[in-house]
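K.L.:
structure.cif is reproduced below (mmCIF, C-alpha atoms).
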data_start
#
loop_
_atom_site.label_atom_id
_atom_site.label_comp_id
_atom_site.auth_asym_id
_atom_site.auth_seq_id
_atom_site.Cartn_x
_atom_site.Cartn_y
_atom_site.Cartn_z
CA MET V 5 3.91 -2.58 89.12
CA ILE V 6 4.66 -6.25 89.81
CA GLN V 7 7.94 -6.37 91.70
CA PRO V 8 10.41 -9.24 91.77
CA LYS V 9 11.70 -10.44 95.14
CA LYS V 10 13.64 -7.95 97.23
CA LEU V 11 17.27 -7.40 96.43
CA THR V 12 19.54 -6.30 99.25
CA THR V 13 22.85 -4.48 99.06
CA LYS V 14 24.61 -7.10 101.16
CA MET V 15 24.27 -9.93 98.62
CA THR V 16 27.38 -11.70 97.36
CA ILE V 17 28.02 -12.27 93.64
CA GLU V 18 26.81 -15.87 93.99
CA GLN V 19 23.63 -14.67 95.67
CA ILE V 20 23.06 -12.05 92.97
CA VAL V 21 23.49 -14.67 90.23
CA THR V 22 21.12 -17.04 92.06
CA TYR V 23 18.60 -14.23 92.54
CA PHE V 24 18.49 -13.35 88.82
CA ASN V 25 18.58 -16.99 87.70
CA GLU V 26 15.64 -17.95 89.93
CA GLU V 27 13.54 -14.98 88.78
CA ILE V 28 14.33 -15.65 85.12
CA LYS V 29 13.66 -19.40 85.43
CA GLU V 30 10.20 -18.74 86.81
CA ILE V 31 9.33 -16.26 84.04
CA GLU V 32 10.60 -18.62 81.32
CA ASN V 33 7.55 -20.81 82.06
CA TYR V 34 5.49 -18.22 80.18
CA LEU V 35 7.50 -18.47 76.96
CA CYS V 36 4.95 -20.22 74.79
CA ILE V 37 1.98 -19.20 72.71
CA THR V 38 -0.66 -20.95 74.85
CA ARG V 39 -0.06 -18.86 77.98
CA SER V 40 -2.60 -16.09 78.46
CA SER V 41 -1.56 -12.69 77.13
CA THR V 42 -2.49 -11.03 80.41
CA THR V 43 -0.11 -13.23 82.42
CA GLN V 44 2.60 -12.80 79.80
CA ILE V 45 2.31 -9.00 80.01
CA ASN V 46 2.44 -9.25 83.81
CA GLN V 47 5.71 -11.19 83.48
CA CYS V 48 7.04 -8.51 81.13
CA ARG V 49 6.38 -5.87 83.78
CA LYS V 50 8.19 -8.07 86.30
CA LEU V 51 11.12 -8.15 83.88
CA ASP V 52 11.03 -4.33 83.65
CA ALA V 53 11.64 -4.21 87.40
CA LEU V 54 14.26 -6.95 87.22
CA GLN V 55 16.13 -5.06 84.51
CA TYR V 56 16.05 -1.94 86.65
CA ASN V 57 17.64 -3.93 89.48
CA ALA V 58 20.31 -5.33 87.16
CA ALA V 59 21.14 -1.80 85.99
CA LEU V 60 21.42 -0.61 89.61
CA ILE V 61 23.84 -3.37 90.59
CA LYS V 62 25.81 -2.82 87.38
CA LYS V 63 26.13 0.86 88.22
CA GLU V 64 27.55 -0.08 91.61
CA ALA V 65 29.99 -2.55 89.99
CA ILE V 66 31.14 0.19 87.60
CA ARG V 67 31.61 2.54 90.57
CA ARG V 68 33.83 -0.10 92.17
CA ALA V 69 35.66 -0.63 88.83
CA SER V 70 34.74 -4.31 88.95
CA GLU V 71 34.69 -5.11 85.23
CA ASN V 72 33.85 -8.81 85.52
CA VAL V 73 30.78 -8.09 87.66
CA ALA V 74 29.72 -5.20 85.40
CA ASN V 75 29.95 -7.46 82.33
CA LEU V 76 28.05 -10.21 84.15
CA LEU V 77 25.24 -7.75 84.92
CA LEU V 78 25.34 -6.58 81.30
CA GLY V 79 24.66 -10.21 80.37
CA PHE V 80 21.67 -10.35 82.71
CA GLU V 81 20.34 -7.09 81.22
CA CYS V 82 20.58 -8.66 77.73
CA VAL V 83 18.88 -11.91 78.79
CA ILE V 84 16.10 -10.07 80.67
CA GLY V 85 15.49 -7.90 77.59
CA ALA V 86 15.56 -10.94 75.32
CA ILE V 87 12.98 -12.86 77.38
CA ARG V 88 10.71 -9.81 77.60
CA SER V 89 10.96 -9.34 73.82
CA GLU V 90 10.11 -13.01 73.30
CA LEU V 91 7.07 -12.79 75.59
CA LEU V 92 5.89 -9.67 73.78
CA MET V 93 6.37 -11.43 70.45
CA TRP V 94 3.82 -14.07 71.50
CA VAL V 95 1.43 -11.41 72.82
CA LEU V 96 1.64 -9.45 69.56
CA ILE V 97 1.17 -12.54 67.39
CA LYS V 98 -2.01 -13.34 69.30
CA LYS V 99 -3.15 -9.73 68.81
CA ASP V 100 -2.75 -10.13 65.03
CA MET V 101 0.19 -7.71 64.86
CA PRO V 102 2.82 -9.67 62.89
CA ASN V 103 5.11 -6.74 62.04
CA GLN V 104 5.45 -5.68 65.64
CA ALA V 105 5.85 -9.35 66.64
CA TRP V 106 8.65 -9.71 64.07
CA ASP V 107 10.51 -6.76 65.57
CA ARG V 108 10.26 -8.34 69.03
CA LEU V 109 11.52 -11.69 67.71
CA ILE V 110 14.58 -9.97 66.25
CA ALA V 111 15.07 -7.95 69.44
CA ALA V 112 15.06 -11.23 71.41
CA GLN V 113 17.61 -12.78 69.03
CA MET V 114 19.85 -9.72 69.36
CA GLY V 115 19.53 -9.87 73.15
CA TYR V 116 20.60 -13.52 73.36
CA LEU V 117 23.55 -12.95 71.00
CA ASP V 118 24.70 -9.92 72.99
CA ALA V 119 24.33 -11.86 76.24
CA SER V 120 26.62 -14.59 74.90
CA ARG V 121 29.23 -11.91 74.10
CA SER V 122 29.01 -10.22 77.47
CA ASP V 123 30.30 -12.98 79.75
CA LYS V 124 31.32 -16.65 79.44
CA GLY V 125 28.51 -17.59 81.81
CA PHE V 126 25.95 -16.79 79.11
CA ALA V 127 27.26 -19.18 76.45
CA HIS V 128 24.05 -21.23 76.80
CA CYS V 129 22.11 -18.28 75.32
CA LEU V 130 23.27 -19.40 71.88
CA LYS V 131 21.08 -22.49 72.27
CA ARG V 132 18.06 -20.26 72.87
CA LEU V 133 19.12 -18.13 69.90
CA ARG V 134 19.06 -21.25 67.68
CA GLU V 135 15.57 -22.07 69.01
CA LEU V 136 14.38 -18.57 68.16
CA GLU V 137 15.79 -18.97 64.66
CA GLN V 138 13.68 -22.11 64.36
CA ILE V 139 10.62 -20.20 65.58
CA GLU V 140 11.42 -17.55 62.96
CA SER V 141 11.35 -20.11 60.16
CA GLN V 142 8.31 -21.97 61.46
CA ILE V 143 6.05 -19.06 62.46
CA PHE V 144 7.01 -16.33 59.98
CA PRO V 145 7.21 -16.51 56.19
CA PRO V 146 10.66 -16.02 54.58
CA GLN V 147 11.65 -12.38 54.37
CA VAL V 148 13.75 -10.35 51.94
CA PHE V 149 16.46 -8.54 53.88
CA VAL V 150 18.26 -5.34 53.00
CA SER V 151 21.58 -3.94 54.11
CA ALA V 152 22.64 -0.31 53.94
CA GLY V 153 26.20 0.78 53.35
CA PHE V 154 27.59 4.22 54.09
CA VAL V 155 30.92 5.99 54.31
CA SER V 156 32.26 8.29 56.99
CA LYS V 157 35.34 10.46 57.38
CA LYS V 158 36.14 9.46 60.92
CA ILE V 159 35.13 6.72 63.33
CA ASP V 160 35.32 7.01 67.09
CA CYS V 161 35.05 4.52 69.95
CA SER V 162 31.86 4.57 72.04
CA ILE V 163 33.76 3.51 75.17
CA CYS V 164 36.56 6.09 75.36
CA GLY V 165 35.58 8.62 72.67
CA GLU V 166 39.01 8.36 71.03
CA ARG V 167 39.61 7.57 67.36
CA TYR V 168 38.69 3.90 66.92
CA SER V 169 42.06 3.20 65.27
CA LYS V 170 43.97 4.59 68.26
CA CYS V 171 42.24 3.10 71.28
CA GLU V 172 42.39 -0.35 72.84
CA HIS V 173 38.71 -1.29 72.50
CA LEU V 174 37.26 -3.69 69.94
CA GLN V 175 33.85 -3.30 68.35
CA GLY V 176 31.31 -5.78 69.75
CA MET V 177 33.31 -6.62 72.89
CA PRO V 178 32.16 -5.75 76.44
CA TYR V 179 34.05 -3.23 78.58
CA MET V 180 32.94 -2.34 82.09
CA GLY V 181 29.32 -3.27 81.44
CA LEU V 182 29.02 -1.69 77.98
CA PHE V 183 29.56 -2.96 74.46
CA CYS V 184 32.08 -1.14 72.30
CA GLU V 185 30.45 0.38 69.24
CA VAL V 186 31.87 2.48 66.43
CA ILE V 187 30.52 6.04 66.15
CA HIS V 188 30.52 7.29 62.58
CA ARG V 189 31.29 10.98 62.10
CA ASP V 190 29.75 12.75 59.07
CA PRO V 191 28.24 9.59 57.54
CA VAL V 192 27.01 9.69 53.95
CA GLY V 193 24.82 6.99 52.36
CA ASP V 194 26.63 4.78 49.85
CA HIS V 195 24.28 1.97 48.79
CA VAL V 196 21.44 -0.33 49.76
CA ALA V 197 21.70 -4.02 48.88
CA ILE V 198 19.49 -7.07 49.17
CA VAL V 199 21.33 -9.64 51.28
CA LYS V 200 20.68 -13.17 52.48
CA ILE V 201 22.05 -12.67 56.00
CA PRO V 202 21.75 -9.10 57.24
CA ALA V 203 23.26 -7.67 60.41
CA ASP V 204 19.81 -6.52 61.43
CA LYS V 205 16.79 -8.56 60.39
CA ARG V 206 14.52 -5.61 61.09
CA CYS V 207 15.88 -4.21 57.82
CA ARG V 208 13.64 -5.86 55.23
CA ILE V 209 11.08 -5.29 52.52
CA VAL V 210 7.83 -4.68 54.39
CA SER V 211 5.34 -4.32 51.54
CA VAL V 212 5.13 -4.48 47.77
CA LYS V 213 2.81 -2.69 45.37
CA THR V 214 0.09 -4.79 43.74
CA LYS V 215 -2.74 -3.70 41.49
CA ASP V 216 -5.10 -3.45 44.48
CA GLY V 217 -2.77 -1.69 46.91
CA ASN V 218 0.28 -2.27 49.12
CA ARG V 219 0.58 -5.90 50.21
CA ASP V 220 2.15 -6.42 53.63
CA LYS V 221 4.86 -9.09 53.46
CA LEU V 222 3.91 -10.60 56.83
CA SER V 223 0.14 -10.21 57.22
CA TRP V 224 -0.47 -10.45 53.44
CA GLU V 225 -3.12 -7.76 53.92
CA VAL V 226 -3.57 -5.28 51.09
CA THR V 227 -3.92 -1.60 51.99
CA PRO V 228 -5.72 0.34 49.25
CA TYR V 229 -3.74 3.16 47.66
CA LYS V 230 -4.09 6.67 49.02
CA GLU V 231 -5.10 9.45 46.70
CA GLY V 232 -2.35 10.11 44.18
CA GLU V 233 -0.76 6.65 44.58
CA LYS V 234 -1.08 4.29 41.63
CA PHE V 235 0.11 0.96 40.28
CA GLU V 236 1.24 0.53 36.71
CA GLU V 237 1.44 -2.86 35.03
CA ASN V 238 4.82 -3.91 33.59
CA GLU V 239 6.64 -1.16 35.46
CA PRO V 240 9.50 -1.90 37.90
CA LEU V 241 8.33 -3.50 41.14
CA GLU V 242 7.92 -0.90 43.87
CA ALA V 243 8.43 -1.94 47.46
CA GLU V 244 8.54 -0.28 50.84
CA MET V 245 11.54 -1.19 52.97
CA ILE V 246 13.25 -0.48 56.25
CA PHE V 247 16.91 -0.12 55.32
CA MET V 248 18.28 1.10 58.61
CA SER V 249 17.26 0.83 62.22
CA MET V 250 18.96 3.27 64.56
CA ASP V 251 18.07 1.46 67.78
CA ARG V 252 21.00 -0.91 68.42
CA TYR V 253 19.51 -2.34 71.62
CA PRO V 254 15.77 -2.85 70.94
CA TYR V 255 15.54 -5.50 73.67
CA TYR V 256 16.07 -2.77 76.30
CA ASP V 257 12.66 -1.28 75.42
CA SER V 258 10.30 -1.43 78.40
CA THR V 259 6.93 -3.15 78.17
CA ASP V 260 5.14 0.19 78.05
CA LYS V 261 7.39 1.48 75.31
CA VAL V 262 6.47 -1.50 73.13
CA ILE V 263 2.78 -1.96 73.85
CA GLY V 264 1.89 1.19 75.78
CA THR V 265 0.10 2.97 72.95
CA MET V 266 -1.16 -0.08 71.11
CA PRO V 267 -4.94 -0.48 70.94
CA ASN V 268 -6.66 -3.49 72.60
CA ILE V 269 -3.63 -4.41 74.75
CA MET O 7 33.54 -20.93 51.62
CA SER O 8 35.52 -19.56 48.71
CA ILE O 9 39.19 -18.68 48.27
CA ASP O 10 40.17 -16.97 45.04
CA VAL O 11 43.74 -16.34 44.02
CA HIS O 12 44.38 -14.05 41.11
CA ASP O 13 46.76 -11.43 39.73
CA TYR O 14 46.50 -7.98 41.22
CA ILE O 15 47.80 -4.62 40.03
CA PRO O 16 51.39 -3.75 41.03
CA VAL O 17 50.68 -1.99 44.32
CA SER O 18 53.87 0.10 44.38
CA GLU O 19 53.07 1.56 40.94
CA LYS O 20 49.50 2.35 41.87
CA LEU O 21 50.54 4.00 45.14
CA LYS O 22 53.21 5.96 43.26
CA GLU O 23 50.46 7.37 41.00
CA PHE O 24 48.90 8.80 44.15
CA GLY O 25 52.26 10.09 45.41
CA ILE O 26 52.46 7.49 48.16
CA ALA O 27 55.53 5.44 49.08
CA THR O 28 55.31 1.65 49.13
CA PRO O 29 55.29 0.33 52.71
CA CYS O 30 58.07 -1.97 53.91
CA LYS O 31 56.01 -3.64 56.65
CA LEU O 32 52.61 -5.32 56.79
CA SER O 33 50.03 -2.63 56.05
CA PHE O 34 46.42 -2.05 55.08
CA LEU O 35 45.44 -1.10 51.57
CA PRO O 36 42.19 0.62 50.63
CA SER O 37 39.66 -2.03 49.61
CA ASN O 38 39.17 -0.43 46.18
CA LEU O 39 42.76 0.52 45.34
CA GLU O 40 42.60 -1.35 42.05
CA LYS O 41 39.67 0.65 40.66
CA ALA O 42 40.09 4.05 42.33
CA MET O 43 41.16 6.84 39.98
CA THR O 44 41.77 9.48 42.64
CA ILE O 45 42.77 9.47 46.33
CA GLY O 46 39.30 10.79 47.19
CA GLU O 47 37.69 7.64 45.81
CA LEU O 48 39.63 5.34 48.13
CA ARG O 49 37.67 3.39 50.75
CA GLN O 50 38.60 1.12 53.65
CA TYR O 51 36.36 -1.12 55.71
CA VAL O 52 35.70 -0.07 59.30
CA GLU O 53 37.17 -3.37 60.45
CA SER O 54 40.60 -2.25 59.18
CA ASP O 55 40.79 -0.27 62.40
CA THR O 56 39.71 -3.30 64.44
CA VAL O 57 42.63 -5.27 62.98
CA ARG O 58 45.01 -2.33 63.60
CA THR O 59 44.02 -2.46 67.28
CA ILE O 60 44.38 -6.26 67.45
CA LEU O 61 47.89 -6.05 65.98
CA ARG O 62 48.91 -3.14 68.17
CA LYS O 63 47.71 -4.90 71.33
CA ASN O 64 49.72 -7.97 70.35
CA LYS O 65 52.82 -5.97 69.40
CA ILE O 66 52.69 -7.03 65.74
CA PRO O 67 54.38 -4.26 63.73
CA TYR O 68 52.48 -2.66 60.85
CA GLU O 69 52.93 0.45 58.76
CA GLU O 70 50.43 3.18 57.96
CA ILE O 71 50.23 4.18 54.32
CA PHE O 72 48.19 7.31 55.04
CA SER O 73 48.58 9.84 57.82
CA GLU O 74 45.90 10.01 60.52
CA ASP O 75 44.11 12.93 58.86
CA GLU O 76 44.34 11.53 55.34
CA GLN O 77 42.88 8.08 55.96
CA PRO O 78 40.54 6.84 53.20
CA LEU O 79 36.83 7.10 53.99
CA TYR O 80 35.50 4.29 56.13
CA LEU O 81 32.95 2.01 54.50
CA GLN O 82 30.42 0.37 56.80
CA GLN O 83 28.23 -2.39 55.43
CA TYR O 84 25.40 -3.63 57.60
CA SER O 85 25.52 -7.32 56.96
CA PHE O 86 26.15 -10.19 59.35
CA GLU O 87 29.39 -10.63 57.46
CA TRP O 88 32.62 -9.28 58.91
CA PHE O 89 34.34 -7.31 56.18
CA GLY O 90 38.01 -7.50 57.00
CA PRO O 91 40.78 -5.28 55.66
CA CYS O 92 42.98 -5.67 52.63
CA ILE O 93 46.30 -6.79 54.13
CA PHE O 94 49.41 -5.98 52.10
CA ILE O 95 52.52 -8.13 52.43
CA PRO O 96 55.51 -6.40 50.77
CA ALA O 97 58.03 -8.49 48.85
CA GLY O 98 60.53 -10.26 51.09
CA LEU O 99 58.67 -9.62 54.34
CA LEU O 100 57.75 -13.28 54.85
CA ILE O 101 61.39 -14.30 54.35
CA GLN O 102 62.35 -12.05 57.28
CA ASP O 103 59.37 -13.13 59.37
CA PRO O 104 57.81 -16.37 58.03
CA ASN O 105 55.17 -16.59 60.78
CA LEU O 106 53.92 -13.01 60.56
CA LEU O 107 50.89 -13.73 58.41
CA SER O 108 49.81 -16.89 60.25
CA ILE O 109 50.08 -15.07 63.61
CA THR O 110 48.05 -12.16 62.23
CA ILE O 111 45.37 -14.48 60.83
CA ASN O 112 45.24 -16.44 64.10
CA LEU O 113 44.67 -13.24 66.07
CA ILE O 114 41.87 -12.18 63.71
CA SER O 115 40.28 -15.67 63.89
CA SER O 116 40.41 -15.60 67.67
CA PHE O 117 38.66 -12.20 67.76
CA LEU O 118 35.99 -13.44 65.33
CA TYR O 119 35.43 -16.55 67.43
CA ASP O 120 34.55 -14.30 70.37
CA LEU O 121 32.44 -12.01 68.19
CA PHE O 122 30.38 -14.67 66.42
CA LYS O 123 30.40 -17.19 69.26
CA ASN O 124 30.44 -20.06 66.75
CA SER O 125 27.30 -18.74 65.07
CA SER O 126 26.83 -20.59 61.80
CA ASP O 127 25.74 -17.30 60.19
CA GLY O 128 29.00 -15.59 61.11
CA GLN O 129 30.79 -15.05 57.83
CA ALA O 130 34.04 -13.23 57.24
CA SER O 131 35.82 -11.88 54.21
CA LEU O 132 39.42 -10.79 53.97
CA ASP O 133 41.92 -9.90 51.24
CA VAL O 134 45.64 -10.51 51.34
CA ILE O 135 47.83 -8.90 48.67
CA LEU O 136 51.18 -10.59 48.29
CA GLU O 137 53.88 -8.64 46.51
CA GLN O 138 56.44 -10.62 44.50
CA ALA O 139 60.11 -9.70 44.11
CA ASP O 140 59.46 -8.28 40.61
CA GLY O 141 56.75 -5.93 41.91
CA SER O 142 53.84 -7.96 40.57
CA CYS O 143 51.15 -8.89 43.08
CA LYS O 144 48.74 -11.73 43.84
CA LYS O 145 45.45 -11.28 45.61
CA ILE O 146 43.98 -13.95 47.89
CA HIS O 147 40.32 -13.25 48.57
CA TYR O 148 38.68 -15.26 51.33
CA SER O 149 34.94 -15.38 52.00
CA GLY O 150 33.34 -17.90 54.33
CA PRO O 151 33.15 -19.07 57.95
CA ALA O 152 35.55 -17.29 60.27
CA ASP O 153 37.40 -20.50 61.18
CA GLY O 154 38.34 -21.03 57.52
CA LEU O 155 40.63 -17.98 57.55
CA SER O 156 43.42 -20.25 58.77
CA LYS O 157 43.72 -21.62 55.23
CA ILE O 158 45.11 -18.30 53.93
CA PRO O 159 48.70 -18.65 55.28
CA ASP O 160 49.01 -22.10 53.63
CA ILE O 161 47.97 -20.65 50.28
CA VAL O 162 50.47 -17.82 50.69
CA LYS O 163 53.22 -20.32 51.56
CA GLU O 164 52.37 -22.26 48.41
CA LEU O 165 52.57 -19.09 46.32
CA GLU O 166 55.90 -18.19 47.92
CA SER O 167 57.33 -21.65 47.18
CA LYS O 168 56.40 -21.38 43.48
CA LYS O 169 58.54 -18.28 43.02
#
Could you show the structure in this file as structure tokens?

P.N.:
Amino acid sequence: MIQPKKLTTKMTIEQIVTYFNEEIKEIENYLCITRSSTTQINQCRKLDALQYNAALIKKEAIRRASENVANLLLGFECVIGAIRSELLMWVLIKKDMPNQAWDRLIAAQMGYLDASRSDKGFAHCLKRLRELEQIESQIFPPQVFVSAGFVSKKIDCSICGERYSKCEHLQGMPYMGLFCEVIHRDPVGDHVAIVKIPADKRCRIVSVKTKDGNRDKLSWEVTPYKEGEKFEENEPLEAEMIFMSMDRYPYYDSTDKVIGTMPNI
Amino acid sequence: MSIDVHDYIPVSEKLKEFGIATPCKLSFLPSNLEKAMTIGELRQYVESDTVRTILRKNKIPYEEIFSEDEQPLYLQQYSFEWFGPCIFIPAGLLIQDPNLLSITINLISSFLYDLFKNSSDGQASLDVILEQADGSCKKIHYSGPADGLSKIPDIVKELESKK
């Protein structure tokens, strides 16, 4: 594994920030389509190690009950994950895998947005988020997004485990290095709707039925129907969609988790 | 951005049908109170609880219509829009405390500013039900950028002055 520079336990906060910033700045040089895929993957593995280091320091900050430092490290974890997702997006585009590349693009966007929420020092991440939104509109065709709605009897807080209405934590805000999320108890599906701006852009129509087979909305490739599948003219349009994605933090996925089992990578 | 003001069902009558007393303080109504035929049909947005916490942390008094174990089901919609609660202002409350609604809206706006970080996609929707002295009600529905929520108290003031 390619390791980033050594991190010592005696570093001050300023030194830790400088350490992560310098490592990240160097890796950001690889954030464009013309860089070789091999070097980009090498940088992703470097980010895996960097993220591990960020998690270690965060754990120590949590042990010391230092919330500001823990939230700062949470921000670095988000940024590291976002950059790795962005690098993998370019790798996957070059490997002719647009659906997987799309998921990485969205993971990167989520990472930058979360980073900006984690600590004031990451406000500049919104600029990168805007740039990724431009890449989305320039590289990928427009997508049709879906949003699922469901109801639940009780909602609890992910930070303290209490009823969300009774505790002090607010959904989406950082607390001691973790984001507060709402945990739904006994959820039941309510509806699925087509929306212009979804919470999660991974939730979208991925293919539609045509007379020759299922047409992928990104690659435009048509996969012939399997036995028993058929297309009928003048019938309602049938489409395949992802209406819910359970992984709230896709940018945390390691390089191997994303490309480990993919052929030719 | 859109702000719609229209007549709403008399809340106290509707709550009475369900055997529930009308609150005297600011409170949160189920989002579908108008159409629900039974208590079991009632729904509230998850963000109702977020606003409860914001108010509690800032010592803004509010009243619960339902007990802890009888809360309406929580509705979660996965959109980049923040679906705020349906805030009920009983008749006369704003005479006692004229700044209550504007303080509440400011606190919500401040939270949304942190949540969306000025993202242009960050949309919010919120309902305010204003009860009149005769028991009739007006609904102000807001949908748009989070920073536009501040327009709601002005509209409510205008409605109050027309009485």

K.L.:
Compare V:Ile37, V:Ser162, V:Val199, V:Tyr253 by their minimum atom-to-atom distance to V:Ile139, counting only C-alpha atoms, and give me the closest one.

P.N.:
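Answer, going by the shortest atom-to-atom distance: V:Ile37.
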
K.L.:
Select, from V:Ile45, V:Ala119, V:Leu35, V:Met177, the residue with the minimum atom-to-atom distance to V:Ile84, counting all atoms listed in the file.

P.N.:
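Among the listed residues, the smallest separation from V:Ile84 belongs to V:Ala119.
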
K.L.:
Which of these, O:Leu165, O:Ile26, O:Leu113, O:Val17, has the shortest distance to O:Thr59 once you count only C-alpha atoms?

P.N.:
O:Leu113

K.L.:
Within 12 Å of chain V, which residues of chain O show up when using all atoms listed in the file, listed as an MDAnalysis selection string?

P.N.:
chainID O and resid 46:64 70 73:89 114 117:129

K.L.:
Write the residues of the selection above to a file with C-alpha atoms, as a compact mmCIF listing (two decimals), in the frame of the given file.

P.N.:
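Resulting contents of selection-v6.txt:
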# COMPACT_ATOMS: atom_id res chain seq x y z
CA GLY O 46 39.30 10.79 47.19
CA GLU O 47 37.69 7.64 45.81
CA LEU O 48 39.63 5.34 48.13
CA ARG O 49 37.67 3.39 50.75
CA GLN O 50 38.60 1.12 53.65
CA TYR O 51 36.36 -1.12 55.71
CA VAL O 52 35.70 -0.07 59.30
CA GLU O 53 37.17 -3.37 60.45
CA SER O 54 40.60 -2.25 59.18
CA ASP O 55 40.79 -0.27 62.40
CA THR O 56 39.71 -3.30 64.44
CA VAL O 57 42.63 -5.27 62.98
CA ARG O 58 45.01 -2.33 63.60
CA THR O 59 44.02 -2.46 67.28
CA ILE O 60 44.38 -6.26 67.45
CA LEU O 61 47.89 -6.05 65.98
CA ARG O 62 48.91 -3.14 68.17
CA LYS O 63 47.71 -4.90 71.33
CA ASN O 64 49.72 -7.97 70.35
CA GLU O 70 50.43 3.18 57.96
CA SER O 73 48.58 9.84 57.82
CA GLU O 74 45.90 10.01 60.52
CA ASP O 75 44.11 12.93 58.86
CA GLU O 76 44.34 11.53 55.34
CA GLN O 77 42.88 8.08 55.96
CA PRO O 78 40.54 6.84 53.20
CA LEU O 79 36.83 7.10 53.99
CA TYR O 80 35.50 4.29 56.13
CA LEU O 81 32.95 2.01 54.50
CA GLN O 82 30.42 0.37 56.80
CA GLN O 83 28.23 -2.39 55.43
CA TYR O 84 25.40 -3.63 57.60
CA SER O 85 25.52 -7.32 56.96
CA PHE O 86 26.15 -10.19 59.35
CA GLU O 87 29.39 -10.63 57.46
CA TRP O 88 32.62 -9.28 58.91
CA PHE O 89 34.34 -7.31 56.18
CA ILE O 114 41.87 -12.18 63.71
CA PHE O 117 38.66 -12.20 67.76
CA LEU O 118 35.99 -13.44 65.33
CA TYR O 119 35.43 -16.55 67.43
CA ASP O 120 34.55 -14.30 70.37
CA LEU O 121 32.44 -12.01 68.19
CA PHE O 122 30.38 -14.67 66.42
CA LYS O 123 30.40 -17.19 69.26
CA ASN O 124 30.44 -20.06 66.75
CA SER O 125 27.30 -18.74 65.07
CA SER O 126 26.83 -20.59 61.80
CA ASP O 127 25.74 -17.30 60.19
CA GLY O 128 29.00 -15.59 61.11
CA GLN O 129 30.79 -15.05 57.83

K.L.:
Between atom CA of O:Asp103 and atom CA of O:Ile135, what is the distance, to one decimal in Å?

P.N.:
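Atom-to-atom, atom CA of O:Asp103 and atom CA of O:Ile135 are spaced 16.3 Å apart.
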
K.L.:
Report, in Å with one decimal, the straight-line distance from atom CA of O:Glu40 to atom CA of O:Ser8.

P.N.:
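Between atom CA of O:Glu40 and atom CA of O:Ser8 the gap works out to 20.6 Å.
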
K.L.:
Looking at V:Asn268, V:Asn46, V:Thr214, V:Gln147, which one is nearest to V:Asn238, with distances taken over only C-alpha atoms?

P.N.:
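That would be V:Thr214, the residue with the smallest distance to V:Asn238.
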
K.L.:
With all atoms listed in the file as the atoms that count, which of O:Met7, O:Ile95, O:Ala27, O:Leu32 lies nearest to O:Cys143?

P.N.:
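Under the stated criterion, the closest residue is O:Ile95.
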
K.L.:
Would you list the contacts of V:Lys230 as a PDB file with C-alpha atoms, in the coordinates of the input, taking every protein, DNA or RNA residue within 12 Å and counting all atoms listed in the file, but skipping same-chain residues closer than 5 positions in sequence?

P.N.:
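Result file is out_25.pdb:
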ATOM      1  CA  ASP V 216      -5.100  -3.450  44.480  1.00  0.00           C
ATOM      2  CA  GLY V 217      -2.770  -1.690  46.910  1.00  0.00           C
ATOM      3  CA  ASN V 218       0.280  -2.270  49.120  1.00  0.00           C
ATOM      4  CA  PHE V 235       0.110   0.960  40.280  1.00  0.00           C
TER       5      PHE V 235
END

K.L.:
Which is closest to O:Ser156 among O:Leu35, O:Leu100, O:Ile15, O:Ile9, if we use only C-alpha atoms?

P.N.:
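Result for the nearest residue to O:Ser156: O:Ile9.
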
K.L.:
Separation of atom CA of V:Glu140 and atom CA of V:Leu96, in Å?

P.N.:
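Atom CA of V:Leu96 lies at a distance of 14.3 Å from atom CA of V:Glu140.
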
K.L.:
Given the file shown, determine the residues that the PyMOL selection byres ((chain V and resi 213) around 10) selects; report them as a list in words.

P.N.:
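Taken on the displayed file, the PyMOL selection byres ((chain V and resi 213) around 10) yields the residues Ser211, Val212, Thr214, Lys215, Asp216, Gly217, Asn218, Arg219, Asp220, Val226, Thr227, Pro228, Tyr229, Lys234, Phe235, Glu236, Leu241, Glu242, Ala243 and Glu244 of chain V.
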
K.L.:
Could you tell me which residues the PyMOL selection byres ((chain V and resi 179) around 12) returns for this structure, as a PyMOL selection string?

P.N.:
chain V and resi 66+69-79+121-123+161-164+172-178+180-185

K.L.:
With C-alpha atoms retained, write the just-selected residues as a short mmCIF file (atom, residue, chain, number, x, y, z; two decimals), in the frame of the given file.

P.N.:
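Generated output (selection-v1.cif):
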data_model
loop_
_atom_site.label_atom_id
_atom_site.label_comp_id
_atom_site.auth_asym_id
_atom_site.auth_seq_id
_atom_site.Cartn_x
_atom_site.Cartn_y
_atom_site.Cartn_z
CA ILE V 66 31.14 0.19 87.60
CA ALA V 69 35.66 -0.63 88.83
CA SER V 70 34.74 -4.31 88.95
CA GLU V 71 34.69 -5.11 85.23
CA ASN V 72 33.85 -8.81 85.52
CA VAL V 73 30.78 -8.09 87.66
CA ALA V 74 29.72 -5.20 85.40
CA ASN V 75 29.95 -7.46 82.33
CA LEU V 76 28.05 -10.21 84.15
CA LEU V 77 25.24 -7.75 84.92
CA LEU V 78 25.34 -6.58 81.30
CA GLY V 79 24.66 -10.21 80.37
CA ARG V 121 29.23 -11.91 74.10
CA SER V 122 29.01 -10.22 77.47
CA ASP V 123 30.30 -12.98 79.75
CA CYS V 161 35.05 4.52 69.95
CA SER V 162 31.86 4.57 72.04
CA ILE V 163 33.76 3.51 75.17
CA CYS V 164 36.56 6.09 75.36
CA GLU V 172 42.39 -0.35 72.84
CA HIS V 173 38.71 -1.29 72.50
CA LEU V 174 37.26 -3.69 69.94
CA GLN V 175 33.85 -3.30 68.35
CA GLY V 176 31.31 -5.78 69.75
CA MET V 177 33.31 -6.62 72.89
CA PRO V 178 32.16 -5.75 76.44
CA MET V 180 32.94 -2.34 82.09
CA GLY V 181 29.32 -3.27 81.44
CA LEU V 182 29.02 -1.69 77.98
CA PHE V 183 29.56 -2.96 74.46
CA CYS V 184 32.08 -1.14 72.30
CA GLU V 185 30.45 0.38 69.24
#
